[in-house]
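Listing of entry-v4.cif, mmCIF, C-alpha atoms and all ligand atoms
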```cif
data_model
loop_
_atom_site.group_PDB
_atom_site.id
_atom_site.type_symbol
_atom_site.label_atom_id
_atom_site.label_comp_id
_atom_site.auth_asym_id
_atom_site.auth_seq_id
_atom_site.Cartn_x
_atom_site.Cartn_y
_atom_site.Cartn_z
ATOM 1 C CA MET A 1 18.187 -8.976 -8.119
ATOM 2 C CA VAL A 2 21.418 -10.652 -7.033
ATOM 3 C CA ILE A 3 21.303 -13.605 -4.615
ATOM 4 C CA VAL A 4 24.725 -14.427 -3.216
ATOM 5 C CA ALA A 5 25.057 -18.122 -2.380
ATOM 6 C CA ALA A 6 28.765 -18.746 -2.990
ATOM 7 C CA GLY A 7 29.943 -18.872 0.626
ATOM 8 C CA SER A 8 31.421 -22.003 2.174
ATOM 9 C CA GLY A 9 29.461 -21.975 5.432
ATOM 10 C CA GLN A 10 32.432 -22.404 7.778
ATOM 11 C CA ARG A 11 30.500 -21.360 10.869
ATOM 12 C CA LEU A 12 27.610 -23.713 10.130
ATOM 13 C CA GLY A 13 30.202 -26.464 9.793
ATOM 14 C CA HIS A 14 28.362 -28.926 7.521
ATOM 15 C CA GLY A 15 31.341 -29.355 5.211
ATOM 16 C CA ILE A 16 29.280 -28.300 2.177
ATOM 17 C CA PRO A 17 28.393 -24.830 0.885
ATOM 18 C CA LYS A 18 25.758 -23.352 3.209
ATOM 19 C CA ALA A 19 23.270 -22.677 0.402
ATOM 20 C CA ARG A 20 23.132 -26.458 -0.236
ATOM 21 C CA VAL A 21 22.249 -27.299 3.380
ATOM 22 C CA LEU A 22 18.677 -28.551 3.777
ATOM 23 C CA CYS A 23 16.054 -26.835 5.902
ATOM 24 C CA GLY A 24 12.749 -28.703 6.078
ATOM 25 C CA GLY A 25 13.765 -30.785 3.062
ATOM 26 C CA LEU A 26 14.640 -27.852 0.763
ATOM 27 C CA THR A 27 18.037 -26.239 0.255
ATOM 28 C CA LEU A 28 18.543 -22.810 1.794
ATOM 29 C CA LEU A 29 19.053 -21.487 -1.761
ATOM 30 C CA GLU A 30 15.697 -22.851 -2.903
ATOM 31 C CA ARG A 31 13.943 -21.291 0.099
ATOM 32 C CA SER A 32 15.551 -17.893 -0.591
ATOM 33 C CA LEU A 33 14.707 -18.022 -4.274
ATOM 34 C CA ARG A 34 11.111 -19.002 -3.554
ATOM 35 C CA SER A 35 10.647 -16.047 -1.211
ATOM 36 C CA VAL A 36 12.124 -13.644 -3.801
ATOM 37 C CA LEU A 37 9.785 -15.042 -6.467
ATOM 38 C CA ALA A 38 6.801 -14.841 -4.071
ATOM 39 C CA SER A 39 7.499 -11.140 -3.501
ATOM 40 C CA GLY A 40 6.993 -10.459 -7.201
ATOM 41 C CA VAL A 41 9.588 -7.659 -7.234
ATOM 42 C CA ALA A 42 12.301 -9.265 -9.394
ATOM 43 C CA LEU A 43 12.406 -8.961 -13.188
ATOM 44 C CA GLU A 44 15.587 -11.051 -13.435
ATOM 45 C CA ILE A 45 17.723 -12.854 -10.877
ATOM 46 C CA ALA A 46 21.452 -13.570 -10.858
ATOM 47 C CA VAL A 47 22.257 -16.433 -8.477
ATOM 48 C CA VAL A 48 25.907 -16.565 -7.453
ATOM 49 C CA ILE A 49 27.116 -20.051 -6.471
ATOM 50 C CA PRO A 50 30.477 -21.719 -5.757
ATOM 51 C CA ALA A 51 32.280 -22.504 -9.045
ATOM 52 C CA GLY A 52 31.340 -25.961 -10.349
ATOM 53 C CA ASP A 53 28.505 -26.602 -7.861
ATOM 54 C CA ASP A 54 26.139 -28.573 -10.080
ATOM 55 C CA VAL A 55 23.601 -29.154 -7.297
ATOM 56 C CA LEU A 56 23.097 -25.447 -6.671
ATOM 57 C CA ARG A 57 23.154 -24.756 -10.410
ATOM 58 C CA SER A 58 20.252 -27.130 -11.002
ATOM 59 C CA VAL A 59 18.317 -25.812 -7.968
ATOM 60 C CA ALA A 60 18.575 -22.276 -9.379
ATOM 61 C CA GLU A 61 17.879 -23.263 -12.982
ATOM 62 C CA SER A 62 14.820 -25.314 -11.994
ATOM 63 C CA LEU A 63 13.211 -22.130 -10.638
ATOM 64 C CA SER A 64 13.899 -20.112 -13.788
ATOM 65 C CA GLY A 65 10.666 -19.262 -15.581
ATOM 66 C CA ALA A 66 8.718 -16.049 -16.095
ATOM 67 C CA VAL A 67 11.499 -14.425 -14.089
ATOM 68 C CA PRO A 68 14.745 -15.556 -15.728
ATOM 69 C CA VAL A 69 17.382 -16.934 -13.350
ATOM 70 C CA ARG A 70 21.016 -16.706 -14.467
ATOM 71 C CA VAL A 71 23.679 -18.680 -12.585
ATOM 72 C CA VAL A 72 27.253 -17.408 -12.182
ATOM 73 C CA ALA A 73 30.297 -18.448 -10.153
ATOM 74 C CA GLY A 74 31.215 -16.403 -7.089
ATOM 75 C CA GLY A 75 34.435 -14.941 -5.753
ATOM 76 C CA ALA A 76 36.611 -15.478 -2.682
ATOM 77 C CA SER A 77 34.792 -12.713 -0.767
ATOM 78 C CA ARG A 78 31.129 -11.779 -0.504
ATOM 79 C CA ALA A 79 31.876 -8.498 -2.297
ATOM 80 C CA GLY A 80 33.532 -10.432 -5.133
ATOM 81 C CA SER A 81 30.438 -12.595 -5.419
ATOM 82 C CA VAL A 82 28.179 -9.524 -5.495
ATOM 83 C CA ARG A 83 30.328 -8.104 -8.305
ATOM 84 C CA ALA A 84 29.934 -11.319 -10.304
ATOM 85 C CA GLY A 85 26.165 -11.154 -9.823
ATOM 86 C CA ILE A 86 25.916 -7.502 -10.856
ATOM 87 C CA ALA A 87 27.901 -8.252 -14.023
ATOM 88 C CA ALA A 88 25.365 -10.944 -14.985
ATOM 89 C CA LEU A 89 22.367 -8.571 -14.875
ATOM 90 C CA SER A 90 21.062 -6.591 -17.859
ATOM 91 C CA ALA A 91 22.787 -3.241 -18.228
ATOM 92 C CA ASP A 92 19.420 -1.434 -18.283
ATOM 93 C CA ALA A 93 18.096 -2.609 -14.871
ATOM 94 C CA PRO A 94 17.277 0.682 -13.045
ATOM 95 C CA VAL A 95 17.627 -0.728 -9.522
ATOM 96 C CA ILE A 96 19.426 -3.749 -8.080
ATOM 97 C CA LEU A 97 18.633 -5.643 -4.880
ATOM 98 C CA VAL A 98 21.365 -7.745 -3.270
ATOM 99 C CA HIS A 99 20.231 -10.597 -1.031
ATOM 100 C CA ASP A 100 22.000 -13.247 1.080
ATOM 101 C CA ALA A 101 20.840 -16.780 0.268
ATOM 102 C CA ALA A 102 21.566 -17.490 3.943
ATOM 103 C CA ARG A 103 18.574 -15.276 4.893
ATOM 104 C CA ALA A 104 16.439 -18.100 3.588
ATOM 105 C CA LEU A 105 13.186 -17.271 5.401
ATOM 106 C CA THR A 106 13.014 -13.559 4.557
ATOM 107 C CA PRO A 107 9.299 -12.709 4.218
ATOM 108 C CA PRO A 108 8.276 -11.382 0.768
ATOM 109 C CA ASP A 109 7.078 -8.131 2.421
ATOM 110 C CA VAL A 110 10.666 -7.148 3.234
ATOM 111 C CA PHE A 111 11.518 -7.190 -0.496
ATOM 112 C CA LYS A 112 8.412 -5.106 -1.179
ATOM 113 C CA ARG A 113 9.314 -2.509 1.453
ATOM 114 C CA VAL A 114 12.815 -2.053 0.007
ATOM 115 C CA VAL A 115 11.502 -1.689 -3.549
ATOM 116 C CA SER A 116 8.755 0.762 -2.477
ATOM 117 C CA ARG A 117 11.314 3.004 -0.814
ATOM 118 C CA LEU A 118 13.485 2.955 -3.954
ATOM 119 C CA ALA A 119 10.405 3.795 -6.048
ATOM 120 C CA ALA A 120 9.750 6.702 -3.671
ATOM 121 C CA GLY A 121 13.129 8.187 -4.628
ATOM 122 C CA ALA A 122 15.780 6.697 -2.327
ATOM 123 C CA ASP A 123 19.117 5.674 -3.898
ATOM 124 C CA ALA A 124 20.127 3.165 -1.213
ATOM 125 C CA VAL A 125 17.801 1.241 1.128
ATOM 126 C CA ILE A 126 18.537 -1.320 3.846
ATOM 127 C CA PRO A 127 16.184 -3.302 6.105
ATOM 128 C CA VAL A 128 17.020 -3.036 9.799
ATOM 129 C CA VAL A 129 15.837 -4.404 13.138
ATOM 130 C CA PRO A 130 16.441 -3.169 16.699
ATOM 131 C CA VAL A 131 19.392 -4.612 18.617
ATOM 132 C CA ALA A 132 18.324 -6.679 21.621
ATOM 133 C CA ASP A 133 21.671 -6.927 23.398
ATOM 134 C CA THR A 134 23.743 -4.142 24.863
ATOM 135 C CA VAL A 135 26.721 -3.710 22.510
ATOM 136 C CA LYS A 136 30.214 -2.693 23.608
ATOM 137 C CA THR A 137 33.352 -1.783 21.741
ATOM 138 C CA VAL A 138 36.223 -3.922 23.020
ATOM 139 C CA ARG A 139 39.942 -3.862 22.297
ATOM 140 C CA GLY A 140 42.398 -6.402 23.691
ATOM 141 C CA GLY A 141 39.811 -7.838 26.067
ATOM 142 C CA ARG A 142 39.081 -4.441 27.574
ATOM 143 C CA VAL A 143 35.877 -2.420 27.154
ATOM 144 C CA GLU A 144 36.316 0.912 25.412
ATOM 145 C CA GLY A 145 32.737 2.088 25.425
ATOM 146 C CA THR A 146 29.024 1.415 25.157
ATOM 147 C CA PRO A 147 27.198 3.020 22.226
ATOM 148 C CA ASP A 148 23.626 4.132 22.927
ATOM 149 C CA ARG A 149 21.543 1.107 21.934
ATOM 150 C CA ASN A 150 18.687 3.342 20.762
ATOM 151 C CA GLY A 151 20.908 4.463 17.899
ATOM 152 C CA LEU A 152 21.947 0.934 16.854
ATOM 153 C CA ARG A 153 20.272 -1.342 14.319
ATOM 154 C CA ALA A 154 21.127 -4.817 13.034
ATOM 155 C CA VAL A 155 21.220 -4.856 9.252
ATOM 156 C CA GLN A 156 19.608 -7.424 6.980
ATOM 157 C CA THR A 157 19.173 -8.018 3.265
ATOM 158 C CA PRO A 158 17.808 -7.449 0.624
ATOM 159 C CA GLN A 159 19.648 -4.147 0.278
ATOM 160 C CA GLY A 160 18.462 -2.065 -2.665
ATOM 161 C CA PHE A 161 20.280 0.517 -4.761
ATOM 162 C CA THR A 162 19.957 2.475 -7.951
ATOM 163 C CA ALA A 163 21.937 0.320 -10.359
ATOM 164 C CA ARG A 164 24.435 2.978 -11.360
ATOM 165 C CA LEU A 165 25.310 3.778 -7.738
ATOM 166 C CA LEU A 166 25.882 0.107 -6.888
ATOM 167 C CA ARG A 167 27.899 -0.603 -10.025
ATOM 168 C CA GLU A 168 30.142 2.415 -9.362
ATOM 169 C CA ALA A 169 30.579 1.516 -5.692
ATOM 170 C CA HIS A 170 31.678 -2.010 -6.592
ATOM 171 C CA ALA A 171 34.020 -0.758 -9.310
ATOM 172 C CA GLY A 172 35.892 1.435 -6.771
ATOM 173 C CA THR A 173 39.046 0.404 -4.967
ATOM 174 C CA GLY A 174 37.320 0.309 -1.540
ATOM 175 C CA ALA A 175 35.295 -2.732 -2.637
ATOM 176 C CA GLY A 176 38.333 -4.994 -2.128
ATOM 177 C CA ASP A 177 38.634 -4.150 1.571
ATOM 178 C CA PRO A 178 38.047 -7.314 3.674
ATOM 179 C CA LEU A 179 36.325 -5.178 6.337
ATOM 180 C CA ILE A 180 33.463 -4.480 3.915
ATOM 181 C CA THR A 181 30.679 -6.764 5.169
ATOM 182 C CA ASP A 182 27.703 -5.351 3.282
ATOM 183 C CA ASP A 183 26.986 -3.316 0.168
ATOM 184 C CA ALA A 184 25.630 -0.280 2.014
ATOM 185 C CA MET A 185 29.098 0.320 3.545
ATOM 186 C CA LEU A 186 30.433 1.102 0.072
ATOM 187 C CA ILE A 187 27.654 3.634 -0.509
ATOM 188 C CA GLU A 188 28.103 5.277 2.913
ATOM 189 C CA ALA A 189 31.699 5.962 1.917
ATOM 190 C CA THR A 190 30.457 8.030 -1.074
ATOM 191 C CA GLY A 191 28.293 10.286 1.113
ATOM 192 C CA THR A 192 25.052 9.248 -0.625
ATOM 193 C CA PRO A 193 22.322 8.802 2.030
ATOM 194 C CA VAL A 194 21.443 5.217 2.902
ATOM 195 C CA VAL A 195 17.898 5.000 4.277
ATOM 196 C CA THR A 196 16.309 2.295 6.391
ATOM 197 C CA VAL A 197 13.060 0.355 6.211
ATOM 198 C CA GLU A 198 11.728 -2.112 8.753
ATOM 199 C CA GLY A 199 13.327 -5.529 8.487
ATOM 200 C CA ASP A 200 11.825 -8.682 9.963
ATOM 201 C CA PRO A 201 13.082 -11.061 12.662
ATOM 202 C CA ALA A 202 12.451 -13.946 10.231
ATOM 203 C CA ALA A 203 15.028 -12.479 7.843
ATOM 204 C CA PHE A 204 17.827 -13.564 10.217
ATOM 205 C CA LYS A 205 20.939 -14.998 8.603
ATOM 206 C CA VAL A 206 21.472 -18.740 9.031
ATOM 207 C CA THR A 207 25.053 -18.603 10.282
ATOM 208 C CA THR A 208 25.450 -21.141 13.108
ATOM 209 C CA PRO A 209 23.883 -24.538 13.939
ATOM 210 C CA LEU A 210 21.550 -22.749 16.380
ATOM 211 C CA ASP A 211 20.248 -20.534 13.540
ATOM 212 C CA LEU A 212 19.551 -23.621 11.427
ATOM 213 C CA MET A 213 17.590 -25.172 14.304
ATOM 214 C CA LEU A 214 15.475 -22.027 14.521
ATOM 215 C CA ALA A 215 14.902 -22.056 10.750
ATOM 216 C CA GLU A 216 13.870 -25.737 10.857
ATOM 217 C CA THR A 217 11.406 -25.015 13.669
ATOM 218 C CA LEU A 218 9.900 -22.073 11.787
ATOM 219 C CA VAL A 219 9.329 -24.029 8.560
ATOM 220 C CA GLN A 220 7.824 -26.935 10.539
ATOM 221 C CA GLY A 221 5.466 -24.533 12.300
ATOM 222 C CA ALA A 222 4.442 -23.006 8.977
ATOM 223 C CA GLY A 223 4.011 -26.452 7.393
ATOM 224 C CA THR A 224 6.155 -25.411 4.438
HETATM 225 N N1 LIG B 301 28.806 -15.309 0.135
HETATM 226 C C1 LIG B 301 29.160 -15.420 -1.216
HETATM 227 N N2 LIG B 301 30.481 -15.491 -1.578
HETATM 228 C C2 LIG B 301 31.441 -15.497 -0.632
HETATM 229 C C3 LIG B 301 31.115 -15.393 0.734
HETATM 230 C C4 LIG B 301 29.767 -15.296 1.096
HETATM 231 O O1 LIG B 301 28.267 -15.432 -2.071
HETATM 232 N N3 LIG B 301 32.711 -15.602 -1.033
HETATM 233 C C5 LIG B 301 27.384 -15.267 0.506
HETATM 234 C C6 LIG B 301 26.964 -16.477 1.333
HETATM 235 O O2 LIG B 301 26.663 -17.570 0.469
HETATM 236 C C7 LIG B 301 25.771 -15.959 2.129
HETATM 237 C C8 LIG B 301 26.054 -14.469 2.232
HETATM 238 O O3 LIG B 301 27.114 -14.164 1.325
HETATM 239 O O4 LIG B 301 24.549 -16.172 1.457
HETATM 240 C C9 LIG B 301 26.415 -14.065 3.659
HETATM 241 O O5 LIG B 301 27.664 -14.667 4.018
HETATM 242 P P1 LIG B 301 27.887 -15.619 5.288
HETATM 243 O O6 LIG B 301 26.668 -15.732 6.093
HETATM 244 O O7 LIG B 301 29.162 -15.203 5.913
HETATM 245 O O8 LIG B 301 28.054 -17.058 4.550
HETATM 246 P P2 LIG B 301 29.377 -17.946 4.436
HETATM 247 O O9 LIG B 301 30.512 -17.070 4.039
HETATM 248 O O10 LIG B 301 29.032 -19.090 3.571
HETATM 249 O O11 LIG B 301 29.525 -18.464 5.930
HETATM 250 P P3 LIG B 301 30.885 -18.461 6.821
HETATM 251 O O12 LIG B 301 31.308 -17.002 6.895
HETATM 252 O O13 LIG B 301 30.459 -19.027 8.120
HETATM 253 O O14 LIG B 301 31.866 -19.318 6.084
HETATM 254 MG MG MG B 302 31.200 -15.492 5.367
#
```
Spit out the file's structure as structure tokens when you get a sec.
Ligand code: CTP
Ligand code: MG
Amino acid sequence: MVIVAAGSGQRLGHGIPKARVLCGGLTLLERSLRSVLASGVALEIAVVIPAGDDVLRSVAESLSGAVPVRVVAGGASRAGSVRAGIAALSADAPVILVHDAARALTPPDVFKRVVSRLAAGADAVIPVVPVADTVKTVRGGRVEGTPDRNGLRAVQTPQGFTARLLREAHAGTGAGDPLITDDAMLIEATGTPVVTVEGDPAAFKVTTPLDLMLAETLVQGAGT
């Protein structure tokens, strides 16, 4: 399992790395790690943090136990951070899940669904949820078209892959493309089928101040 937590959190705007921002008194990284550990699916975890971030390093190391947690420094892009995480995992891991620390309230069941689908023979699995808004393609302020919403899904993490497939995808030249926003995109480019499982609304990504308010309300409601 790779948890990427090396982003700067520009859109949240707290002036510190997003994974260090508190939600109900715990850092977003700690909440993500706790939900991964609660799912019971990880044998080892690589946590990718901003270089030199001693706070996040100690958060991650304090949760290392029966499931070893290794901490590594991230890259300038999310894909670079994923690569750093993959490199820190044992070479013999058969499957790898990649998870955004920013999806701090992801229910443990989502991890289980992804792993079950991999165990059932899939090579690449992503959790998805329906899209609530009508989505349009726009260029230069002008609408080009409206894709059928029934065929659209919003994509979450954890995304799961057979380890060899993910390692090869990230070793390829396409992995440096700034338009690559998730790991599944690299697999789609190889023609290997990427299959979906049900995501969960609570696995939303904390991106903006409004998202953090929602996360705070959810943890207060749950008393956690
Ligand atoms: N991430 C990372 N390394 C990067 C960029 C992003 O590990 N160089 C991680 C983030 O820490 C986050 C996840 O990828 O857990 C999803 O990225 P995003 O939500 O975009 O987080 P940030 O890049 O931190 O936020 P922003 O884009 O607003 O700066
Ligand atoms: Mg980002």
Can you work out which one of A:Leu12, A:Val206, A:Ala38, A:Met1 has the shortest atom-to-atom distance to A:Leu166, counting only C-alpha atoms?
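Among the listed residues, the smallest separation from A:Leu166 belongs to A:Met1.
Using all atoms listed in the file for every distance, the candidate list A:Gly140, A:Gly15, A:Gly221, A:Gly85 yields A:Gly85 as the residue closest to A:Ile45.
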Could you tell me which residues the PyMOL selection byres (((chain A and resi 211) around 12) and not hetatm) grabs in this file, written as a PyMOL selection string?
chain A and resi 11-12+23+102-105+201-210+212-218
Please produce an output containing C-alpha atoms for each residue in the selection, written as a PDB file, in the coordinates of the input.
```pdb
ATOM      1  CA  ARG A  11      30.500 -21.360  10.869  1.00  0.00           C
ATOM      2  CA  LEU A  12      27.610 -23.713  10.130  1.00  0.00           C
ATOM      3  CA  CYS A  23      16.054 -26.835   5.902  1.00  0.00           C
ATOM      4  CA  ALA A 102      21.566 -17.490   3.943  1.00  0.00           C
ATOM      5  CA  ARG A 103      18.574 -15.276   4.893  1.00  0.00           C
ATOM      6  CA  ALA A 104      16.439 -18.100   3.588  1.00  0.00           C
ATOM      7  CA  LEU A 105      13.186 -17.271   5.401  1.00  0.00           C
ATOM      8  CA  PRO A 201      13.082 -11.061  12.662  1.00  0.00           C
ATOM      9  CA  ALA A 202      12.451 -13.946  10.231  1.00  0.00           C
ATOM     10  CA  ALA A 203      15.028 -12.479   7.843  1.00  0.00           C
ATOM     11  CA  PHE A 204      17.827 -13.564  10.217  1.00  0.00           C
ATOM     12  CA  LYS A 205      20.939 -14.998   8.603  1.00  0.00           C
ATOM     13  CA  VAL A 206      21.472 -18.740   9.031  1.00  0.00           C
ATOM     14  CA  THR A 207      25.053 -18.603  10.282  1.00  0.00           C
ATOM     15  CA  THR A 208      25.450 -21.141  13.108  1.00  0.00           C
ATOM     16  CA  PRO A 209      23.883 -24.538  13.939  1.00  0.00           C
ATOM     17  CA  LEU A 210      21.550 -22.749  16.380  1.00  0.00           C
ATOM     18  CA  LEU A 212      19.551 -23.621  11.427  1.00  0.00           C
ATOM     19  CA  MET A 213      17.590 -25.172  14.304  1.00  0.00           C
ATOM     20  CA  LEU A 214      15.475 -22.027  14.521  1.00  0.00           C
ATOM     21  CA  ALA A 215      14.902 -22.056  10.750  1.00  0.00           C
ATOM     22  CA  GLU A 216      13.870 -25.737  10.857  1.00  0.00           C
ATOM     23  CA  THR A 217      11.406 -25.015  13.669  1.00  0.00           C
ATOM     24  CA  LEU A 218       9.900 -22.073  11.787  1.00  0.00           C
TER      25      LEU A 218
END
```
Between atom CA of A:Lys112 and atom CA of A:Thr192, distance in Å (one decimal):
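Value for the atom CA of A:Lys112-atom CA of A:Thr192 distance: 22.0 Å.
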Would you compute the distance between atom CA of A:Thr196 and atom CA of A:Arg167? Give it in Å to one decimal.
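Calculated distance between atom CA of A:Thr196 and atom CA of A:Arg167 is 20.3 Å.
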Using only C-alpha atoms, can you tell me which of A:Ala119, A:Leu56, A:Ala42, A:Val48 comes closest to A:Leu26?
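Nearest candidate to A:Leu26 out of A:Ala119, A:Leu56, A:Ala42, A:Val48: A:Leu56.
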Give one line per residue of chain A that approaches ligand LIG 301 (chain B) to at most 7 Å, naming the two atoms of the closest pair and their distance in Å to one decimal, counting only C-alpha atoms and all ligand atoms; sort by chain then ascending residue number and deliver it as CSV.
```
residue,atom,partner,partner_atom,distance
A:Val4,CA,B:LIG301,O1,3.9
A:Ala5,CA,B:LIG301,O2,3.3
A:Ala6,CA,B:LIG301,O1,3.5
A:Gly7,CA,B:LIG301,O10,3.1
A:Ser8,CA,B:LIG301,O10,4.0
A:Gly9,CA,B:LIG301,O10,3.5
A:Gln10,CA,B:LIG301,O14,3.6
A:Arg11,CA,B:LIG301,O13,3.6
A:Leu12,CA,B:LIG301,O13,5.8
A:Pro17,CA,B:LIG301,O10,6.4
A:Lys18,CA,B:LIG301,O10,5.4
A:Ala19,CA,B:LIG301,O2,6.1
A:Val48,CA,B:LIG301,O1,6.0
A:Ile49,CA,B:LIG301,O1,6.5
A:Gly74,CA,B:LIG301,N2,5.6
A:Gly75,CA,B:LIG301,N3,5.1
A:Ala76,CA,B:LIG301,N3,4.2
A:Ser77,CA,B:LIG301,N3,3.6
A:Arg78,CA,B:LIG301,C2,3.7
A:Gly80,CA,B:LIG301,N3,6.6
A:Ser81,CA,B:LIG301,N2,4.8
A:Val82,CA,B:LIG301,O1,6.8
A:Asp100,CA,B:LIG301,O4,3.9
A:Ala101,CA,B:LIG301,O4,3.9
A:Ala102,CA,B:LIG301,O4,4.1
A:Arg103,CA,B:LIG301,O4,7.0
A:Lys205,CA,B:LIG301,O6,6.3
A:Val206,CA,B:LIG301,O6,6.7
A:Thr207,CA,B:LIG301,O6,5.3
```
Next, write the just-selected residues to a file, as a compact mmCIF listing (two decimals), in the frame of the given file, keeping C-alpha atoms as the atom set.
```
# COMPACT_ATOMS: atom_id res chain seq x y z
CA VAL A 4 24.72 -14.43 -3.22
CA ALA A 5 25.06 -18.12 -2.38
CA ALA A 6 28.76 -18.75 -2.99
CA GLY A 7 29.94 -18.87 0.63
CA SER A 8 31.42 -22.00 2.17
CA GLY A 9 29.46 -21.98 5.43
CA GLN A 10 32.43 -22.40 7.78
CA ARG A 11 30.50 -21.36 10.87
CA LEU A 12 27.61 -23.71 10.13
CA PRO A 17 28.39 -24.83 0.88
CA LYS A 18 25.76 -23.35 3.21
CA ALA A 19 23.27 -22.68 0.40
CA VAL A 48 25.91 -16.57 -7.45
CA ILE A 49 27.12 -20.05 -6.47
CA GLY A 74 31.22 -16.40 -7.09
CA GLY A 75 34.44 -14.94 -5.75
CA ALA A 76 36.61 -15.48 -2.68
CA SER A 77 34.79 -12.71 -0.77
CA ARG A 78 31.13 -11.78 -0.50
CA GLY A 80 33.53 -10.43 -5.13
CA SER A 81 30.44 -12.60 -5.42
CA VAL A 82 28.18 -9.52 -5.50
CA ASP A 100 22.00 -13.25 1.08
CA ALA A 101 20.84 -16.78 0.27
CA ALA A 102 21.57 -17.49 3.94
CA ARG A 103 18.57 -15.28 4.89
CA LYS A 205 20.94 -15.00 8.60
CA VAL A 206 21.47 -18.74 9.03
CA THR A 207 25.05 -18.60 10.28
```
